[in-house]
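A.B. asks: Okay, here's the structure, questions in a sec.
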Amino acid sequence: MKSLQWAPPSRLVRARHARRRLITAGLCPLALCLLAGVGAFAALATVAEASVWTAPPGARVFPNTAPRARHSISLSLACGEYQGFIVGLRGSAARHVSVAWVDDPGTGTPTDPFIAQNAVLDQVAFVHIRRPTSGTGAKAGLYPDPLLPRGFAKRIAVPAHSSSLYVLFHVPYDSSYSAAGTYAGTLQVTNGTEKVDLSVGLKVWDFGWPRLSTRTAFQVNFNNLGGNLVQDYAMLQEHGVTPLMPRAAPPVTSSGALKTTTHYVATLRPYLDQDGLDMSNARMPWLGWYPDYPWKFEAGNVHLLNYLTNVCRLYQENGWQDKLVAYPVDEPTSVAQERLADRLARPLHKASAKVGFRAKFLLTDDPRPTNLGPMLAANKYLWSDVDIWAMRYYYFFGRVPVARKLQAKGSQIWWYPYCNRNVANMPNFVIDKSLADERVWGWLMQQWHVDGLLYWGVNRWGNARTGAVGSRDPYKDPISFIWSDGRVCNGEASIIYPGYYPRYGLTDRNAVPVSSLRLEALRDGLADKEYLKLATQLAGAKAVAPIIKTITWYPYPIKYGHIFKFPKYVSSASSFAAARAKLAALIEQEQGTQGAGGQAATGQSTP
């Protein structure tokens with residue numbers, strides 16, 4: 001993984017919309033220019049040749065996207081799930097649009113209050129990619145990505161070409177699944193002088209989950225967010241993204257004692273308590289610069305053991321012991337670094353054993369029973385000490401046989417992507433690839449029995465080469481990472497946008513970050529994984545395997561070694577929708593076969 005940034009100290013997504021509906025009703029001409037990323041637009045005028053249409057989640061509307069004839073949308077959601085759809089807009093001039101639920105459309109269907117009460121509206125803004133991500137074959141131009149909170153029945157300024165809105169539904173979780181059923185409504189879109197009624201159908205399945213259960217650990221740059229970090233973390237968690245660590249570090253003496261624990265515990269509670277965010281994992285404050293004593297990486301030092309014991313005891317006393325993850329060494333590239341990781345894992349396990357549990361030691365490395373090169377020597381000495389192997393996706397498919405053996409012995413297997421020379425062949429988070437890249441993660445993790453997803457950033461809004469804070473506006477400049485050889489990546493480790501951005505009418509300094517189409521696609525994929533898990537529990541893996549193969553497949557033999565061949569996967573949004581529908585039908589069919597008593601036990605997925 002890339003170098004991770006952490007700084008000492010110096011519900012929710014939908015709530016952000018309630019707070020931010022105080023934004024201005026329309027955007028100034030400058031903001032219109034920014035929405036398109038280029039040039040100035042003509043003054044607002046009567047729209048000629050205006051058009052409105054709908055598209056499923058995972059579709060994108062580019063400036064040159066032609067209008068479609070589709071004027072309806074049908075969605076199906078589990079209880080607890082989020083899912084959205086696209087409203088495409090086209091007009092020959094810059095103009096205002098508005099969107100409202102219609103109670104009495106005259107023709108069409110009155111809107112069920114359940115639909116209107118559980119939907120929010122975002123505007124899809126563009127980012128201007130001038131230098132496409134290296135190795136993707138992508139073209140320069142305007143790419144839809146940021147989701148600007150707007151609200152229904154508001155005037156929204158749009159540019160003179162094709163653009164889009166994003167309507168997001170959420171079915172609140174209820175363990176009795178009392179919301180199960182079908183709902184209908186009509187969404188009226190006023191596009192300049194044109195008015196179009198869109199028919200909306202919503203089916204709520206008779207199963208669900210209280211929260212997405214896939215373990216994730218995404219690094220957050222605290223300095224780029226600021227404000228109410230717990231609120232920002234909540235927004236990410238609603239998308240299935242758990243930040244890697246809370247923003248908290250205990251004051252430490254030179255002997256490894258904690259000077260005081262009161263403030264440290266109080267700071268951790270909103271992140272870790274069950275009635276707070278209930279984060280599934282929290283990185284121990286044991287980093288390259290913390291604690292600020294020379295013994296921090298001296299494995300045999302009594303002060304290090306004292307420090308680790310004190311932190312483990314604090315977590316155990318507060319019921320957080322299962323969340324604690326130590327991650328002091330990142331991407332070892334030599335035997336010496338791997339040996340260091342092994343030496344550090346042992347005092348961690350000794351310290352946690354003193355207080356009655358085993359703290360998890362995470363290493364961003366891959367297990368190798370034999371030498372695979374000068375920088376990839378055999379490392380079986382690590383196998384009993386590493387609890388979580390977080391492998392590069394790049395190496396994973398040549399380590400599958402070893403991963404299975406380690407999982408059988410109780411180790412967890414995670415993986416992580418990054419934008420490298422093979423970015424065209426691997427799912428990633430860059431802007432200028434298909435949204436299937438984000439959505440397919442849930443399918444891949446289910447198919448390959450991967451326990452967690454690690455990623456090195458969500459808000460790398462700084463300098464693309466150094467990461468320095470404050471020198472890059474992600475709305476204007478999407479290049480977030482530049483390799484030393486000049487290769488560029490658009491949106492790498494940068495999947496959210498600043499929530500405070502007056503040019504787009506976002507004037508609340510304390511607002512949560514702005515989501516992106518990529519983050520929404522990731523959440524859709526993690527929700528797909530819940531469907532896959534439930535279908536597998538009820539119908540068995542053999543019944544689910546053919547559905548998985550409609551999305552992703554691996555046409556190569558599985559063996560150990562340097563295997564740089566990767567799964568294939570579809571890019572069509574309709575393919576994902578069809579596969580999910582098959583899973584939902586299978587789940588409900590099996591629930592009916594097993595009876596209502598079986599449904600309540602298996603219809604919920606917990607972390």
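Just so we're on the same page: first chain in the structure tokens is A, next is B, and so on; residues restart at 1 for each chain, and ligands are numbered from 1 in the order they show up.
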Please provide as a PyMOL selection string all residues within 9 Å of region 347-351 of chain A, with the sequence filter that same-chain residues fewer than 5 positions apart are discarded (counting only C-alpha atoms).

C.D. replies: chain A and resi 299-300+304-313+326+357-361+385

A.B. asks: Please identify all polymer residues within 7 Å of Val241 (chain A), counting only C-alpha atoms, omitting same-chain residues fewer than 3 positions from it, and present them as a PyMOL selection string.

C.D. replies: chain A and resi 216-218+236-237

A.B. asks: Only C-alpha atoms, please: the residues just picked out, written as a PDB file, in the first residue's frame.

C.D. replies:
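Output (result.pdb):
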ATOM      1  CA  THR A 216     -13.312  -2.765   4.916  1.00  0.00           C
ATOM      2  CA  ALA A 217     -10.480  -0.533   6.063  1.00  0.00           C
ATOM      3  CA  PHE A 218      -9.994   2.660   4.054  1.00  0.00           C
ATOM      4  CA  LEU A 236     -18.568   6.578   4.791  1.00  0.00           C
ATOM      5  CA  GLN A 237     -19.914   3.712   6.871  1.00  0.00           C
TER       6      GLN A 237
END

A.B. asks: Contacts between region 83-99 of chain A and region 177-248 of chain A, please, where a residue of region 177-248 of chain A counts if it comes within 12 Å (with only C-alpha atoms); show its shortest atom pair and distance in Å to one decimal, rows by chain and ascending number, as a Markdown table.

C.D. replies:
| residue | atom | partner | partner_atom | distance |
| --- | --- | --- | --- | --- |
| A:Thr186 | CA | A:Val99 | CA | 10.4 |
| A:Leu187 | CA | A:Val99 | CA | 6.8 |
| A:Gln188 | CA | A:Val99 | CA | 5.7 |
| A:Val189 | CA | A:Val99 | CA | 4.6 |
| A:Thr190 | CA | A:Ser98 | CA | 5.2 |
| A:Asn191 | CA | A:Val97 | CA | 4.6 |
| A:Gly192 | CA | A:Val97 | CA | 5.9 |
| A:Thr193 | CA | A:Val97 | CA | 9.0 |
| A:Glu194 | CA | A:Val97 | CA | 9.3 |
| A:Lys195 | CA | A:Ser98 | CA | 9.6 |
| A:Val196 | CA | A:Val99 | CA | 9.7 |
| A:Asp197 | CA | A:Val99 | CA | 9.8 |
| A:Leu198 | CA | A:Val87 | CA | 9.2 |
| A:Ser199 | CA | A:Val87 | CA | 11.7 |
| A:Val200 | CA | A:Phe85 | CA | 10.1 |
| A:Gly201 | CA | A:Phe85 | CA | 11.6 |
| A:Leu202 | CA | A:Gln83 | CA | 10.5 |
| A:Lys203 | CA | A:Gln83 | CA | 11.6 |
| A:Val204 | CA | A:Gln83 | CA | 11.4 |
| A:Glu238 | CA | A:Gln83 | CA | 11.9 |
| A:His239 | CA | A:Gln83 | CA | 10.7 |

A.B. asks: Suppose you want the space between CA of Lys529 (chain A) and CA of Ile413 (chain A); what is it in Å?

C.D. replies: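 So the two atoms, CA of Lys529 (chain A) and CA of Ile413 (chain A), lie 16.6 Å apart.
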
A.B. asks: Grab the CA of Asp387 (chain A) to CA of Gly356 (chain A) distance for me, in Å with one decimal place.

C.D. replies: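 Atom-to-atom, CA of Asp387 (chain A) and CA of Gly356 (chain A) are spaced 16.5 Å apart.
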
A.B. asks: For Leu517 (chain A), which of A:Phe297, A:Tyr166, A:Trp205, A:Tyr395 is the closest residue, counting only C-alpha atoms?

C.D. replies: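 Going through A:Phe297, A:Tyr166, A:Trp205, A:Tyr395 one by one, the smallest distance to Leu517 (chain A) is for A:Tyr166.
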
A.B. asks: For Ser280 (chain A), which of A:Thr214, A:Thr333, A:Asp292, A:Val220 is the closest residue, counting only C-alpha atoms?

C.D. replies: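 Smallest separation from Ser280 (chain A) among the options: A:Thr214.
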
A.B. asks: Just the alpha helix (DSSP H) stuff from region 283-325 of chain A, please, per backbone DSSP, written as a list in words.

C.D. replies: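 Alpha helix (DSSP H) members of region 283-325 of chain A, listed: Val302, His303, Leu304, Leu305, Asn306, Tyr307, Leu308, Thr309, Asn310, Val311, Cys312, Arg313, Leu314, Tyr315, Gln316 and Glu317 of chain A.
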
A.B. asks: When you count only C-alpha atoms, which of these residues is closest to Ala249 (chain A): A:Val488, A:Val329, A:Leu272, A:Leu287?

C.D. replies: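 The answer is A:Leu287, which sits nearest to Ala249 (chain A).
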